[in-house]
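Worksheet: one structure, shown below.
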Amino acid sequence: MKVAMIGAGYVGLVSGACFAEFGTDVHIVDTDASKIEALRAGRMPIYEPGLERLVEENARDGRLSFTTDLKAAVRGADAVFLAVGTPTRRGDGHADLTYVFAAAEQVALAADKPLVLITKSTVPVGTGRQVKAIVRAARPDLAIEVASNPEFLREGNAIGDFMRPDRVVVGVDSDRALAVLKRLYRPLYLIETPVLATSIETAELIKYASNAFLAVKITFINQMADLCEKTGANVHDVARGMGLDGRIGRKFLHAGPGYGGSCFPKDTLALARTAQEMGVPATLVEQTIAANDARKAQMAERVIAACGGSVAGKTIAVLGLTFKPETDDMRDAPSLVILPALVAAGATLRAYDPQPAHARQMLPAAVQFADSAMDAVRDADALVLITEWNEFRAIPPEKLKAAMAGRVIVDLRNVWDPVAMREQGLDYSSIGRGEGA
Ligand code: NAD
């Protein structure tokens with residue numbers, strides 16, 4: 001079976017490499033020549049644990065190749081995946097489907113035999129039908145089946161998620177499309193992964209409904225964290241007490257500075273817009289979006305308050321910038337809201353992140369970058385932890401105390417122990433751990 005994967009981003013590259021690992025012949029296409037050049041030279045255009053080795057081994061064994069030539073990749077393909085971006089459209093919050101539609105047409109024009117065109121990008125319900133119309137108009141002569149196969153991997157654990165997913169969702173309206181998708185995912189049958197075959201519309205909506213539900217869950221616990229702070233309760237224990245109930249589940253109940261990333265913010269917005277258009281306002285999702293936006297902005301206020309009401313002229317160390325650990329992805333990261341607000345309030349910022357490539361481009365020029373956590377912390381008046389990379393957990397409070405000029409530590413991910421911090425005389429605050437906690 002020959003597969004073409006259109007898009008060499010976080011999803012296209014990981015899922016392409018994983019299909020190759022399953023034994024499929026995969027050709028990954030991207031319009032960005034610098035990404036393809038890097039991949040051919042064995043350099044990863046993104047940071048994702050384990051990816052380099054997976055790509056290297058499969059490329060070496062001849063199952064995985066990279067090209068900017070979409071036509072060549074699609075020629076002879078049995079299945080073509082669309083894994084291009086679907087960012088928020090400027091102005092109205094809708095998913096921008098320009099890349100999806102353009103790629104679908106390019107694939108149809110390049111096809112030289114019947115194939116299955118599978119949308120892996122996250123697209124609003126109804127998009128599959130539009131893709132079908134585009135394909136049919138471009139190639140009325142060829143049997144191109146359209147299918148939906150939303151992706152649920154998480155950056156930072158993408159390979160494990162792809163290889164051992166909770167489920168695979170395939171939206172199909174033909175037996176041939178279902179047969180091709182089943183063959184592609186055959187190795188997962190062996191580990192008894194549930195494969196849910198639905199209509200295309202249902203598959204599209206499962207993806208948005210899942211992301212929106214997780215965003216609601218995070219926002220809910222964040223609001224409970226605020227209540228914990230006012231009442232002396234401990235949000236960790238609240239989350240654990242809730243999560244042990246099988247109906248609720250323990251995951252995605254970690255309080256923090258608000259969700260970010262390349263999916264939740266844009267997907268919740270797009271779902272809310274779709275629902276509004278259909279006359280079914282998704283008020284819960286709308287409230288979640290508003291609460292999360294407000295929360296990110298409040299985090300800068302929290303830091304300023306911890307610094308005694310002003311950060312003007314103060315040097316603040318910032319640890320962790322990416323939207324979560326183990327990725328270099330900065331899309332919609334809370335740091336993109338918090339750092340500019342602190343700069344505007346007059347602070348000097350010295351930041352450190354283990355994967356700072358995108359952060360350097362996206363944060364204000366005034367932000368200085370340190371080469372290590374302790375370099376950032378040295379002589380700082382205050383310290384803010386935004387992203388919980390593991391290496392930060394291991395820093396002992398006495399080391400922080402010895403390095404810093406000031407005493408203020410604001411831990412937006414609850415990685416440190418409040419008692420140990422206070423024992424060192426540090427003025428430590430975290431999320432949802434009230435005085436009594
Ligand atoms: P990305 O921006 O990292 O990658 C998209 C790639 O597609 C880019 O490299 C771009 O150059 C390329 N591209 C665009 N048009 C093209 C064309 N016509 N031909 C060839 N290449 C083209 O995006 P991503 O994070 O991989 O996300 C892709 C999709 O998957 C989105 O819809 C996203 O919502 C969804 N998704 C993402 C994640 C995630 O964690 N990143 C998880 C699940 C689903």
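Residue names in the structure tokens use chain letters A, B, ... in the order shown, residue numbers from 1 in each chain, and ligand numbers from 1 in the order shown.
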Restrict the calculation to only C-alpha atoms and all ligand atoms, then for each residue of chain A with any atom at most 7 Å from an atom of ligand 1 give the closest atom pair and their distance in Å to one decimal, rows by chain and rising residue number, as JSON lines.
```
{"residue": "A:Ile6", "atom": "CA", "partner": "ligand 1", "partner_atom_place_in_ligand_line": "20 (C)", "distance": 4.8}
{"residue": "A:Gly7", "atom": "CA", "partner": "ligand 1", "partner_atom_place_in_ligand_line": "7 (O)", "distance": 3.5}
{"residue": "A:Ala8", "atom": "CA", "partner": "ligand 1", "partner_atom_place_in_ligand_line": "9 (O)", "distance": 4.7}
{"residue": "A:Gly9", "atom": "CA", "partner": "ligand 1", "partner_atom_place_in_ligand_line": "4 (O)", "distance": 3.2}
{"residue": "A:Tyr10", "atom": "CA", "partner": "ligand 1", "partner_atom_place_in_ligand_line": "26 (O)", "distance": 3.7}
{"residue": "A:Val11", "atom": "CA", "partner": "ligand 1", "partner_atom_place_in_ligand_line": "26 (O)", "distance": 3.8}
{"residue": "A:Gly12", "atom": "CA", "partner": "ligand 1", "partner_atom_place_in_ligand_line": "26 (O)", "distance": 5.6}
{"residue": "A:Val29", "atom": "CA", "partner": "ligand 1", "partner_atom_place_in_ligand_line": "20 (C)", "distance": 5.2}
{"residue": "A:Asp30", "atom": "CA", "partner": "ligand 1", "partner_atom_place_in_ligand_line": "21 (N)", "distance": 3.5}
{"residue": "A:Thr31", "atom": "CA", "partner": "ligand 1", "partner_atom_place_in_ligand_line": "20 (C)", "distance": 4.5}
{"residue": "A:Asp32", "atom": "CA", "partner": "ligand 1", "partner_atom_place_in_ligand_line": "11 (O)", "distance": 4.8}
{"residue": "A:Leu70", "atom": "CA", "partner": "ligand 1", "partner_atom_place_in_ligand_line": "19 (N)", "distance": 6.8}
{"residue": "A:Ala83", "atom": "CA", "partner": "ligand 1", "partner_atom_place_in_ligand_line": "28 (C)", "distance": 4.9}
{"residue": "A:Val84", "atom": "CA", "partner": "ligand 1", "partner_atom_place_in_ligand_line": "7 (O)", "distance": 3.7}
{"residue": "A:Gly85", "atom": "CA", "partner": "ligand 1", "partner_atom_place_in_ligand_line": "28 (C)", "distance": 4.1}
{"residue": "A:Thr86", "atom": "CA", "partner": "ligand 1", "partner_atom_place_in_ligand_line": "32 (O)", "distance": 4.3}
{"residue": "A:Tyr99", "atom": "CA", "partner": "ligand 1", "partner_atom_place_in_ligand_line": "15 (N)", "distance": 4.8}
{"residue": "A:Ala102", "atom": "CA", "partner": "ligand 1", "partner_atom_place_in_ligand_line": "18 (N)", "distance": 5.8}
{"residue": "A:Ala103", "atom": "CA", "partner": "ligand 1", "partner_atom_place_in_ligand_line": "18 (N)", "distance": 4.1}
{"residue": "A:Lys120", "atom": "CA", "partner": "ligand 1", "partner_atom_place_in_ligand_line": "30 (O)", "distance": 6.2}
{"residue": "A:Ser121", "atom": "CA", "partner": "ligand 1", "partner_atom_place_in_ligand_line": "32 (O)", "distance": 3.5}
{"residue": "A:Thr122", "atom": "CA", "partner": "ligand 1", "partner_atom_place_in_ligand_line": "32 (O)", "distance": 3.9}
{"residue": "A:Val123", "atom": "CA", "partner": "ligand 1", "partner_atom_place_in_ligand_line": "32 (O)", "distance": 6.4}
{"residue": "A:Pro150", "atom": "CA", "partner": "ligand 1", "partner_atom_place_in_ligand_line": "44 (C)", "distance": 6.7}
{"residue": "A:Glu151", "atom": "CA", "partner": "ligand 1", "partner_atom_place_in_ligand_line": "43 (C)", "distance": 4.6}
{"residue": "A:Phe152", "atom": "CA", "partner": "ligand 1", "partner_atom_place_in_ligand_line": "43 (C)", "distance": 4.8}
{"residue": "A:Leu153", "atom": "CA", "partner": "ligand 1", "partner_atom_place_in_ligand_line": "42 (C)", "distance": 5.2}
{"residue": "A:Arg154", "atom": "CA", "partner": "ligand 1", "partner_atom_place_in_ligand_line": "40 (O)", "distance": 4.9}
{"residue": "A:Glu155", "atom": "CA", "partner": "ligand 1", "partner_atom_place_in_ligand_line": "40 (O)", "distance": 4.8}
{"residue": "A:Ser262", "atom": "CA", "partner": "ligand 1", "partner_atom_place_in_ligand_line": "41 (N)", "distance": 5.6}
{"residue": "A:Cys263", "atom": "CA", "partner": "ligand 1", "partner_atom_place_in_ligand_line": "34 (O)", "distance": 5.3}
```
Next, write the just-selected residues to a file, as a PDB file, in the first residue's frame, keeping N, CA and C atoms as the atom set.
```
ATOM      1  N   ILE A   6      -0.007  14.652   3.217  1.00  0.00           N
ATOM      2  CA  ILE A   6       0.175  16.048   2.814  1.00  0.00           C
ATOM      3  C   ILE A   6       0.294  16.901   4.077  1.00  0.00           C
ATOM      4  N   GLY A   7       1.470  17.457   4.289  1.00  0.00           N
ATOM      5  CA  GLY A   7       1.742  18.246   5.493  1.00  0.00           C
ATOM      6  C   GLY A   7       2.753  17.523   6.367  1.00  0.00           C
ATOM      7  N   ALA A   8       3.879  18.202   6.614  1.00  0.00           N
ATOM      8  CA  ALA A   8       4.942  17.604   7.446  1.00  0.00           C
ATOM      9  C   ALA A   8       5.032  18.342   8.774  1.00  0.00           C
ATOM     10  N   GLY A   9       3.870  18.649   9.350  1.00  0.00           N
ATOM     11  CA  GLY A   9       3.862  19.338  10.643  1.00  0.00           C
ATOM     12  C   GLY A   9       3.829  18.339  11.782  1.00  0.00           C
ATOM     13  N   TYR A  10       3.352  18.767  12.943  1.00  0.00           N
ATOM     14  CA  TYR A  10       3.326  17.912  14.132  1.00  0.00           C
ATOM     15  C   TYR A  10       2.524  16.636  13.854  1.00  0.00           C
ATOM     16  N   VAL A  11       1.401  16.778  13.153  1.00  0.00           N
ATOM     17  CA  VAL A  11       0.555  15.606  12.904  1.00  0.00           C
ATOM     18  C   VAL A  11       1.039  14.797  11.701  1.00  0.00           C
ATOM     19  N   GLY A  12       1.305  15.465  10.585  1.00  0.00           N
ATOM     20  CA  GLY A  12       1.695  14.757   9.369  1.00  0.00           C
ATOM     21  C   GLY A  12       2.994  13.991   9.546  1.00  0.00           C
ATOM     22  N   VAL A  29       4.699  15.005   2.104  1.00  0.00           N
ATOM     23  CA  VAL A  29       4.811  16.169   1.222  1.00  0.00           C
ATOM     24  C   VAL A  29       4.641  17.440   2.032  1.00  0.00           C
ATOM     25  N   ASP A  30       5.450  18.457   1.739  1.00  0.00           N
ATOM     26  CA  ASP A  30       5.187  19.763   2.323  1.00  0.00           C
ATOM     27  C   ASP A  30       5.588  20.835   1.315  1.00  0.00           C
ATOM     28  N   THR A  31       4.854  21.946   1.363  1.00  0.00           N
ATOM     29  CA  THR A  31       5.188  23.068   0.478  1.00  0.00           C
ATOM     30  C   THR A  31       6.393  23.835   1.015  1.00  0.00           C
ATOM     31  N   ASP A  32       6.682  23.639   2.289  1.00  0.00           N
ATOM     32  CA  ASP A  32       7.798  24.348   2.922  1.00  0.00           C
ATOM     33  C   ASP A  32       9.109  23.587   2.611  1.00  0.00           C
ATOM     34  N   LEU A  70       4.150  17.208  -4.761  1.00  0.00           N
ATOM     35  CA  LEU A  70       2.894  16.537  -4.398  1.00  0.00           C
ATOM     36  C   LEU A  70       2.461  15.536  -5.466  1.00  0.00           C
ATOM     37  N   ALA A  83      -2.984  16.462   6.193  1.00  0.00           N
ATOM     38  CA  ALA A  83      -2.597  16.822   7.572  1.00  0.00           C
ATOM     39  C   ALA A  83      -2.068  18.252   7.568  1.00  0.00           C
ATOM     40  N   VAL A  84      -2.767  19.109   6.838  1.00  0.00           N
ATOM     41  CA  VAL A  84      -2.358  20.522   6.757  1.00  0.00           C
ATOM     42  C   VAL A  84      -3.021  21.296   7.900  1.00  0.00           C
ATOM     43  N   GLY A  85      -2.567  22.497   8.126  1.00  0.00           N
ATOM     44  CA  GLY A  85      -3.078  23.291   9.245  1.00  0.00           C
ATOM     45  C   GLY A  85      -4.508  23.773   8.998  1.00  0.00           C
ATOM     46  N   THR A  86      -5.247  23.953  10.098  1.00  0.00           N
ATOM     47  CA  THR A  86      -6.580  24.567  10.039  1.00  0.00           C
ATOM     48  C   THR A  86      -6.647  25.647  11.117  1.00  0.00           C
ATOM     49  N   TYR A  99      -6.136  25.783   3.367  1.00  0.00           N
ATOM     50  CA  TYR A  99      -5.096  24.780   3.085  1.00  0.00           C
ATOM     51  C   TYR A  99      -5.708  23.424   2.766  1.00  0.00           C
ATOM     52  N   ALA A 102      -7.317  23.608  -0.773  1.00  0.00           N
ATOM     53  CA  ALA A 102      -6.286  23.695  -1.823  1.00  0.00           C
ATOM     54  C   ALA A 102      -5.594  22.340  -1.980  1.00  0.00           C
ATOM     55  N   ALA A 103      -5.241  21.731  -0.843  1.00  0.00           N
ATOM     56  CA  ALA A 103      -4.530  20.441  -0.915  1.00  0.00           C
ATOM     57  C   ALA A 103      -5.439  19.365  -1.514  1.00  0.00           C
ATOM     58  N   LYS A 120      -7.153  14.174   7.916  1.00  0.00           N
ATOM     59  CA  LYS A 120      -6.684  13.980   9.284  1.00  0.00           C
ATOM     60  C   LYS A 120      -6.679  15.308  10.033  1.00  0.00           C
ATOM     61  N   SER A 121      -6.582  16.412   9.264  1.00  0.00           N
ATOM     62  CA  SER A 121      -6.674  17.733   9.885  1.00  0.00           C
ATOM     63  C   SER A 121      -7.998  17.829  10.646  1.00  0.00           C
ATOM     64  N   THR A 122      -8.009  18.666  11.676  1.00  0.00           N
ATOM     65  CA  THR A 122      -9.252  18.899  12.414  1.00  0.00           C
ATOM     66  C   THR A 122     -10.110  19.890  11.612  1.00  0.00           C
ATOM     67  N   VAL A 123     -11.266  19.421  11.155  1.00  0.00           N
ATOM     68  CA  VAL A 123     -12.103  20.286  10.297  1.00  0.00           C
ATOM     69  C   VAL A 123     -13.543  20.286  10.794  1.00  0.00           C
ATOM     70  N   PRO A 150      -9.920  11.777  12.171  1.00  0.00           N
ATOM     71  CA  PRO A 150      -9.343  12.793  13.054  1.00  0.00           C
ATOM     72  C   PRO A 150      -8.217  12.233  13.910  1.00  0.00           C
ATOM     73  N   GLU A 151      -7.292  13.090  14.240  1.00  0.00           N
ATOM     74  CA  GLU A 151      -6.125  12.670  15.001  1.00  0.00           C
ATOM     75  C   GLU A 151      -6.241  13.161  16.442  1.00  0.00           C
ATOM     76  N   PHE A 152      -5.882  12.286  17.389  1.00  0.00           N
ATOM     77  CA  PHE A 152      -6.028  12.634  18.804  1.00  0.00           C
ATOM     78  C   PHE A 152      -4.691  12.703  19.534  1.00  0.00           C
ATOM     79  N   LEU A 153      -3.575  12.599  18.804  1.00  0.00           N
ATOM     80  CA  LEU A 153      -2.274  12.585  19.490  1.00  0.00           C
ATOM     81  C   LEU A 153      -2.038  13.901  20.226  1.00  0.00           C
ATOM     82  N   ARG A 154      -1.218  13.794  21.286  1.00  0.00           N
ATOM     83  CA  ARG A 154      -0.818  14.993  22.045  1.00  0.00           C
ATOM     84  C   ARG A 154       0.644  15.261  21.775  1.00  0.00           C
ATOM     85  N   GLU A 155       0.969  16.513  21.513  1.00  0.00           N
ATOM     86  CA  GLU A 155       2.377  16.852  21.357  1.00  0.00           C
ATOM     87  C   GLU A 155       3.106  16.509  22.648  1.00  0.00           C
ATOM     88  N   SER A 262      -1.893  24.371  20.091  1.00  0.00           N
ATOM     89  CA  SER A 262      -2.329  24.541  18.705  1.00  0.00           C
ATOM     90  C   SER A 262      -3.736  24.013  18.480  1.00  0.00           C
ATOM     91  N   CYS A 263      -4.350  23.409  19.498  1.00  0.00           N
ATOM     92  CA  CYS A 263      -5.666  22.790  19.264  1.00  0.00           C
ATOM     93  C   CYS A 263      -6.811  23.387  20.078  1.00  0.00           C
TER      94      CYS A 263
END
```
Q: Excluding Ala282 (chain A) and residues on its chain fewer than 6 positions from it, collect all residues at most 12 Å away from it, counting only C-alpha atoms, and give them as JSON, numbers by chain.
A: {"A": [208, 209, 212, 213, 216, 268, 269, 270, 271, 272, 273, 274, 275, 276, 288, 289]}
Selected residues, N, CA and C atoms, written as a PDB file, in the first residue's frame, please.
```pdb
ATOM      1  N   TYR A 208     -14.037  17.598  17.520  1.00  0.00           N
ATOM      2  CA  TYR A 208     -14.298  18.897  18.171  1.00  0.00           C
ATOM      3  C   TYR A 208     -14.940  18.710  19.544  1.00  0.00           C
ATOM      4  N   ALA A 209     -15.861  17.767  19.628  1.00  0.00           N
ATOM      5  CA  ALA A 209     -16.542  17.542  20.908  1.00  0.00           C
ATOM      6  C   ALA A 209     -15.537  17.072  21.953  1.00  0.00           C
ATOM      7  N   ALA A 212     -13.285  20.101  22.946  1.00  0.00           N
ATOM      8  CA  ALA A 212     -14.053  21.090  23.710  1.00  0.00           C
ATOM      9  C   ALA A 212     -14.327  20.559  25.117  1.00  0.00           C
ATOM     10  N   PHE A 213     -14.620  19.272  25.213  1.00  0.00           N
ATOM     11  CA  PHE A 213     -14.909  18.692  26.534  1.00  0.00           C
ATOM     12  C   PHE A 213     -13.678  18.782  27.433  1.00  0.00           C
ATOM     13  N   VAL A 216     -13.240  22.289  28.604  1.00  0.00           N
ATOM     14  CA  VAL A 216     -14.207  22.593  29.676  1.00  0.00           C
ATOM     15  C   VAL A 216     -13.688  22.022  30.997  1.00  0.00           C
ATOM     16  N   THR A 268     -12.054  25.110  20.078  1.00  0.00           N
ATOM     17  CA  THR A 268     -13.239  25.540  20.839  1.00  0.00           C
ATOM     18  C   THR A 268     -13.918  26.715  20.115  1.00  0.00           C
ATOM     19  N   LEU A 269     -13.090  27.629  19.599  1.00  0.00           N
ATOM     20  CA  LEU A 269     -13.654  28.769  18.858  1.00  0.00           C
ATOM     21  C   LEU A 269     -14.430  28.286  17.635  1.00  0.00           C
ATOM     22  N   ALA A 270     -13.803  27.384  16.881  1.00  0.00           N
ATOM     23  CA  ALA A 270     -14.444  26.911  15.649  1.00  0.00           C
ATOM     24  C   ALA A 270     -15.742  26.163  15.960  1.00  0.00           C
ATOM     25  N   LEU A 271     -15.739  25.374  17.038  1.00  0.00           N
ATOM     26  CA  LEU A 271     -16.964  24.639  17.397  1.00  0.00           C
ATOM     27  C   LEU A 271     -18.078  25.612  17.787  1.00  0.00           C
ATOM     28  N   ALA A 272     -17.706  26.632  18.557  1.00  0.00           N
ATOM     29  CA  ALA A 272     -18.715  27.623  18.971  1.00  0.00           C
ATOM     30  C   ALA A 272     -19.307  28.320  17.742  1.00  0.00           C
ATOM     31  N   ARG A 273     -18.459  28.640  16.768  1.00  0.00           N
ATOM     32  CA  ARG A 273     -18.954  29.306  15.552  1.00  0.00           C
ATOM     33  C   ARG A 273     -19.884  28.385  14.765  1.00  0.00           C
ATOM     34  N   THR A 274     -19.476  27.125  14.609  1.00  0.00           N
ATOM     35  CA  THR A 274     -20.326  26.172  13.882  1.00  0.00           C
ATOM     36  C   THR A 274     -21.688  26.077  14.559  1.00  0.00           C
ATOM     37  N   ALA A 275     -21.655  25.952  15.886  1.00  0.00           N
ATOM     38  CA  ALA A 275     -22.909  25.795  16.621  1.00  0.00           C
ATOM     39  C   ALA A 275     -23.795  27.030  16.454  1.00  0.00           C
ATOM     40  N   GLN A 276     -23.165  28.212  16.514  1.00  0.00           N
ATOM     41  CA  GLN A 276     -23.948  29.443  16.330  1.00  0.00           C
ATOM     42  C   GLN A 276     -24.604  29.468  14.955  1.00  0.00           C
ATOM     43  N   THR A 288     -16.350  28.787  28.323  1.00  0.00           N
ATOM     44  CA  THR A 288     -15.011  28.231  28.550  1.00  0.00           C
ATOM     45  C   THR A 288     -13.959  29.085  27.850  1.00  0.00           C
ATOM     46  N   ILE A 289     -14.244  29.456  26.610  1.00  0.00           N
ATOM     47  CA  ILE A 289     -13.301  30.283  25.839  1.00  0.00           C
ATOM     48  C   ILE A 289     -13.063  31.599  26.575  1.00  0.00           C
TER      49      ILE A 289
END
```
Q | DSSP alpha helix (DSSP H) residues within region 249-378 of chain A, listed as a VMD selection string | A | chain A and resid 264 to 277 283 to 306 335 to 344 357 to 362 373 to 377
Q: Take CA of Met44 (chain A) and CA of Asp161 (chain A) and report the distance between them in Å, one decimal.
A: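 Value for the CA of Met44 (chain A)-CA of Asp161 (chain A) distance: 19.0 Å.
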Q: Write down as a count of residues only the residues of region 111-241 of chain A whose backbone DSSP state falls under strand (DSSP E or B).
A: 19
Q: Would you please work out which residue, of A:Gln368, A:Asn157, A:Ser148, A:Gln298, is nearest to Val343 (chain A) when using only C-alpha atoms?
A: A:Gln368
(Q) as number ranges by chain, please: the residues near Lys230 (chain A) (cut-off 12 Å, only C-alpha atoms, same-chain neighbours under 2 positions excluded). (A) A: 223-228, 232-235, 431-437
Q | Distance query Ile248 (chain A) at most 12 Å, only C-alpha atoms, self and fewer than 5 positions along chain excluded, as number ranges by chain | A | A: 213-214, 217, 221, 239-243, 253
**Q.** Atom pair CA of Ala138 (chain A) / CA of Leu117 (chain A): separation (Å)
**A.**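 So the answer is 13.4 Å.
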Q) Got a sec: who's within 9 Å of Phe66 (chain A), counting only C-alpha atoms, leaving out chain neighbours fewer than 6 positions off, as a list in words? A)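 So the residues in contact are Ala8, Val26, His27, Ile28, Val29, Asp30, Ile36, Glu37, Leu39, Arg40, Ala59 and Ala73 of chain A.
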Which residues of region 174-286 of chain A sit at most 6 Å from region 124-135 of chain A, using only C-alpha atoms? Give each one's shortest atom pair and distance in Å (one decimal place), in chain and ascending residue order, as a Markdown table.
```
| residue | atom | partner | partner_atom | distance |
| --- | --- | --- | --- | --- |
| A:Glu201 | CA | A:Val125 | CA | 5.3 |
| A:Glu204 | CA | A:Val125 | CA | 5.1 |
| A:Leu205 | CA | A:Val125 | CA | 5.5 |
```
Selection file, N, CA and C atoms, as a compact mmCIF listing (two decimals), in the first residue's frame:
```
# COMPACT_ATOMS: atom_id res chain seq x y z
N GLU A 201 -19.57 13.02 8.95
CA GLU A 201 -19.98 14.15 9.82
C GLU A 201 -19.75 13.79 11.29
N GLU A 204 -16.09 13.94 12.22
CA GLU A 204 -15.62 15.34 12.32
C GLU A 204 -16.05 15.94 13.66
N LEU A 205 -17.27 15.64 14.06
CA LEU A 205 -17.77 16.24 15.30
C LEU A 205 -17.17 15.58 16.54
```
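When only C-alpha atoms are used to measure the gap to Glu398 (chain A), the shortest distance among A:Ala420, A:Ala333, A:Leu244, A:Ala357 belongs to A:Ala420.
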Against region 388-397 of chain A, which residues of region 236-280 of chain A fall within 12 Å? For each one I want the closest pair of atoms and the distance in Å (one decimal), counting only C-alpha atoms, rows by chain and increasing residue number, as a Markdown table.
```
| residue | atom | partner | partner_atom | distance |
| --- | --- | --- | --- | --- |
| A:His254 | CA | A:Glu388 | CA | 11.5 |
| A:Gly256 | CA | A:Glu388 | CA | 10.0 |
| A:Pro257 | CA | A:Glu388 | CA | 11.2 |
```
Write the selection just made, keeping C-alpha atoms, as an mmCIF file, in the first residue's frame?
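out-v4.cif, freshly written:
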```cif
data_model
loop_
_atom_site.group_PDB
_atom_site.id
_atom_site.type_symbol
_atom_site.label_atom_id
_atom_site.label_comp_id
_atom_site.auth_asym_id
_atom_site.auth_seq_id
_atom_site.Cartn_x
_atom_site.Cartn_y
_atom_site.Cartn_z
ATOM 1 C CA HIS A 254 -4.623 19.901 36.659
ATOM 2 C CA GLY A 256 -2.804 26.009 35.887
ATOM 3 C CA PRO A 257 -2.532 29.269 33.957
#
```
Q) How far is it from CA of Ala365 (chain A) to CA of Gly258 (chain A), in Å with one decimal? A) 23.9 Å
